[in-house]
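Heads up, the thing below is written out as structure tokens.
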Amino acid sequence: MRVTVVGGGVVGLSCAHRLAEAGHRVTVCTAGKPGESTSAVAGGLIYPPMLTADERVTRWTDVSVGVYRRSLAAPGIRFLPGSITHGADQPSPPWLSAMTDVTRDGERIGFTTALVDMPVYLAWLAEQVAALGVRTEYGTVASLAEVDADVVVNAAGLAGGALAGDDTLVPVRGQLVHLADPGLTSWAVTEEGGEVTYVIPHGRHVICGGTEEIGRGDLDPDPAVAAAIVRRCRALVPRLGDAAVLGTRVGLRPGRPSVRLERIGNVVHDYGHGGAGITLAWGCADDVVELI
Ligand SMILES: Cc1cc2nc3c(=O)[nH]c(=O)nc-3n(C[C@H](O)[C@H](O)[C@H](O)COP(=O)(O)OP(=O)(O)OC[C@H]3O[C@@H](n4cnc5c(N)ncnc54)[C@H](O)[C@@H]3O)c2cc1C
């Protein structure tokens, strides 16, 4: 079948990869290059920080962790131990079954997972997709109905809502700071008073975060917020005390009450992955192939 995937972020490229492997003639139509997408800004820590119970999330995470494990030869991927905080009186999240080296001590849950240096990985993934024969066209799709294909996959991230006439999709703004990596061998996420702090080392740089501003859609970095992130991350990981500040990034998560993955006529929607698109991309791609 002739399939056009609208969107060249991690979700669109993962779909294009799986669809080409399944024998479809695939075109990716994307407004921007992979390196310009929200996916390229992400921290790249593989676990789903979702608050809603959605059984699909565990399955999708499990599939993606497996893919990242089998892709260890790819640039930008490595597995490291780390920990998150989770209500001491809460049962462990179901997706924990996808992780290895799991430990629990009160509100701290430790596990080993993949850390993906997104700009490096996305460039590699785009090459893999091209090598499978997928064509890429650059341009902005104004209407899914106008796309000339047997099936269209809506993987346009935050723009996917407007293309689908879905007003439940909102930007969830996140600001990050990159520090020089002093050679950290673990990652950390902690939550205090509703504020999430995370440290995700990628070898040359450490991604420090973060913020979550629901409904805010501008990309201007806030210097005061950046300074507060650096302060919190240095308190969490004292080895970052002297690490040079390399820069600040801002991205807009495609926030939705739940991921939209369904087929309506000749359109398969795959958008609204919030703060977990890198974590869910491969599992969702399998479901897209199934629906087509
Ligand atoms: C600060 C921050 C930190 C994050 N950290 C993590 C993390 O650690 N782990 C994790 O799993 N997730 C993380 N995320 C979430 C993750 O980045 C997103 O869920 C994911 O990038 C969504 O991918 P996507 O491909 O759907 O969208 P995008 O990456 O936004 O890609 C959308 C694509 O669609 C194209 N497009 C848009 N409109 C059109 C149009 N009309 N026509 C054609 N093409 C169009 C764009 O050019 C782009 O190529 C983070 C996000 C942010 C902002």
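Ordering of the structure tokens sets the chain letters (A, B, ...), residue numbers begin anew at 1 in every chain, and ligands are numbered from 1 in the order given.
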Can I get the residues of stretch 103-152 of chain A within 12 Å of stretch 53-66 of chain A, each with the closest pair of atoms and their distance in Å to one decimal, using only C-alpha atoms, sorted chain first then ascending number, as a Markdown table?
```
| residue | atom | partner | partner_atom | distance |
| --- | --- | --- | --- | --- |
| A:Thr112 | CA | A:Val65 | CA | 10.5 |
| A:Thr113 | CA | A:Val65 | CA | 7.5 |
| A:Ala114 | CA | A:Val65 | CA | 7.1 |
| A:Leu115 | CA | A:Val65 | CA | 10.3 |
| A:Val116 | CA | A:Val65 | CA | 11.0 |
```
Please dump the current selection as a PDB file, in the first residue's frame; keep C-alpha atoms.
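The result, written out as result_21.pdb:
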```pdb
ATOM      1  CA  THR A 112      18.119   0.455  34.582  1.00  0.00           C
ATOM      2  CA  THR A 113      16.799   1.936  31.349  1.00  0.00           C
ATOM      3  CA  ALA A 114      17.853   3.461  28.047  1.00  0.00           C
ATOM      4  CA  LEU A 115      19.122   7.020  27.715  1.00  0.00           C
ATOM      5  CA  VAL A 116      18.833   8.291  24.153  1.00  0.00           C
TER       6      VAL A 116
END
```
Per DSSP on the backbone, what are the strand (DSSP E or B) residues of stretch 106-279 of chain A, as a short mmCIF file (atom, residue, chain, number, x, y, z; two decimals) with C-alpha atoms, in the first residue's frame?
```cif
data_model
loop_
_atom_site.label_atom_id
_atom_site.label_comp_id
_atom_site.auth_asym_id
_atom_site.auth_seq_id
_atom_site.Cartn_x
_atom_site.Cartn_y
_atom_site.Cartn_z
CA ARG A 108 12.51 5.68 45.65
CA ILE A 109 12.30 3.18 42.79
CA GLY A 110 15.53 2.25 41.06
CA PHE A 111 15.90 0.60 37.64
CA THR A 112 18.12 0.46 34.58
CA THR A 113 16.80 1.94 31.35
CA ALA A 114 17.85 3.46 28.05
CA LEU A 115 19.12 7.02 27.71
CA VAL A 116 18.83 8.29 24.15
CA ARG A 135 11.07 8.96 0.57
CA THR A 136 11.05 12.22 2.52
CA GLU A 137 9.19 15.28 1.25
CA TYR A 138 9.51 18.61 3.03
CA VAL A 151 -3.46 5.43 4.04
CA VAL A 152 -2.23 8.54 5.91
CA VAL A 153 -0.58 8.36 9.34
CA ASN A 154 -1.05 11.50 11.42
CA VAL A 170 -2.37 21.26 24.26
CA PRO A 171 1.28 22.35 24.47
CA VAL A 172 3.04 21.41 27.69
CA ARG A 173 6.10 23.60 27.68
CA GLY A 174 9.37 22.21 29.04
CA GLN A 175 12.64 24.04 29.61
CA LEU A 176 15.98 22.24 29.94
CA VAL A 177 19.58 23.20 30.60
CA HIS A 178 22.59 21.36 29.15
CA LEU A 179 25.63 21.07 31.41
CA ALA A 180 29.01 19.53 30.55
CA TRP A 187 20.52 9.27 36.01
CA ALA A 188 18.06 10.66 38.58
CA VAL A 189 14.52 12.02 38.69
CA THR A 190 12.97 13.46 41.81
CA GLU A 191 9.71 15.24 42.58
CA GLU A 192 9.18 17.63 45.45
CA GLU A 195 8.32 20.24 40.92
CA VAL A 196 10.19 17.62 38.91
CA THR A 197 14.00 17.70 38.77
CA TYR A 198 15.97 15.41 36.48
CA VAL A 199 19.55 14.71 35.49
CA ILE A 200 20.11 12.69 32.32
CA PRO A 201 23.76 12.18 31.30
CA HIS A 205 26.47 16.74 28.02
CA VAL A 206 23.94 16.24 30.81
CA ILE A 207 20.32 17.23 30.24
CA CYS A 208 18.98 18.95 33.36
CA GLY A 209 15.32 19.69 33.89
CA GLU A 213 3.72 24.47 31.89
CA ILE A 214 0.39 23.26 30.60
CA VAL A 245 26.52 25.50 31.42
CA LEU A 246 26.37 24.72 27.69
CA GLY A 247 22.95 26.10 26.81
CA THR A 248 19.20 26.13 27.35
CA ARG A 249 16.48 24.41 25.30
CA VAL A 250 12.70 24.73 25.25
CA GLY A 251 10.24 22.27 23.74
CA LEU A 252 6.47 21.80 23.61
CA ARG A 253 5.19 18.36 24.59
CA PRO A 254 2.05 17.25 22.72
CA GLY A 255 -0.17 16.98 25.83
CA ARG A 260 -4.56 8.95 20.29
CA LEU A 261 -3.87 5.77 18.35
CA GLU A 262 -6.79 4.72 16.17
CA ARG A 263 -7.85 4.34 12.55
CA ILE A 264 -10.68 6.46 11.16
CA VAL A 267 -6.28 7.93 8.46
CA VAL A 268 -4.37 6.38 11.36
CA HIS A 269 -3.83 8.86 14.18
CA ASP A 270 -0.68 8.46 16.28
CA TYR A 271 -0.15 11.62 18.32
#
```
Exercise for the section: Find the spatial neighbours of stretch 9-14 of chain A, counting only C-alpha atoms, within a cut-off of 10 Å - ignore same-chain residues fewer than 4 positions away - and output them as number ranges by chain. Expected result: A: 4-5, 18-19, 28-30, 32-40, 118, 121-122, 125-126, 128-130, 134, 153-157, 270-271, 273, 277-286
Exercise for the section: Point out the residue among A:Tyr47, A:Arg70, A:Asp105, A:Gly139 with the least atom-to-atom distance to A:Val6, counting only C-alpha atoms. Expected result: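 Ranked by minimum distance to A:Val6, first place goes to A:Gly139.
Distance check against ligand 1 using only C-alpha atoms and all ligand atoms: of A:Gly203, A:Gly133, A:Gly161, A:Pro223, the minimum falls on A:Gly161.
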Practice task
For each of A:Gly210, A:Gly265, A:Gly194, A:Gly106, take the minimum atom-to-atom distance to ligand 1, counting only C-alpha atoms and all ligand atoms, then give the residue where this is smallest.
Solution key: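 Looking at the shortest contact to ligand 1, the residue is A:Gly210.
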Practice task
Between atom CA of A:Ala123 and atom 49 (O, counted along the ligand's line) of ligand 1, measure the distance and give it in Å to one decimal.
Solution key: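 Atom-to-atom, atom CA of A:Ala123 and atom 49 (O, counted along the ligand's line) of ligand 1 are spaced 12.3 Å apart.
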Practice task
Would you return as a PyMOL selection string the members of stretch 74-209 of chain A that DSSP assigns to helix (DSSP H, G or I) on this structure's backbone?
Solution key: chain A and resi 94-98+118-131+144-146+157-164
Exercise for the section: Please provide the set of residues having any atom within 7 Å of A:Val3, restricted to only C-alpha atoms, with same-chain residues fewer than 6 positions apart removed, written as an NGL selection string. Expected result: :A and (24-27 or 149-152)
Exercise for the section: Give the answer as one residue: which of A:Val225, A:Ala276, A:Val259, A:Leu291 has the shortest atom-to-atom distance to ligand 1, using only C-alpha atoms and all ligand atoms? Expected result: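 Under the stated criterion, the closest residue is A:Ala276.
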Exercise for the section: Please indicate the distance in Å from atom CA of A:Leu163 to atom CA of A:Pro48, rounded to one decimal place. Expected result: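 Calculated distance between atom CA of A:Leu163 and atom CA of A:Pro48 is 25.3 Å.
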Handout entry: Non-local contacts of A:Arg234 (10 Å; only C-alpha atoms; under 6 positions in same chain excluded) as a PyMOL selection string
Key = chain A and resi 199+208+228+240-243
Practice task
Return the single residue from A:Arg78, A:Arg204, A:Arg2, A:Arg256 that is closest to A:Ile46, with distances computed using only C-alpha atoms.
Solution key: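 Closest to A:Ile46 of all the choices is A:Arg78.
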Problem - Distance of atom CA of A:Ile77 from atom 19 (O, counted along the ligand's line) of ligand 1, expressed in Å to one decimal place - result: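 These two atoms are separated by 17.4 Å.
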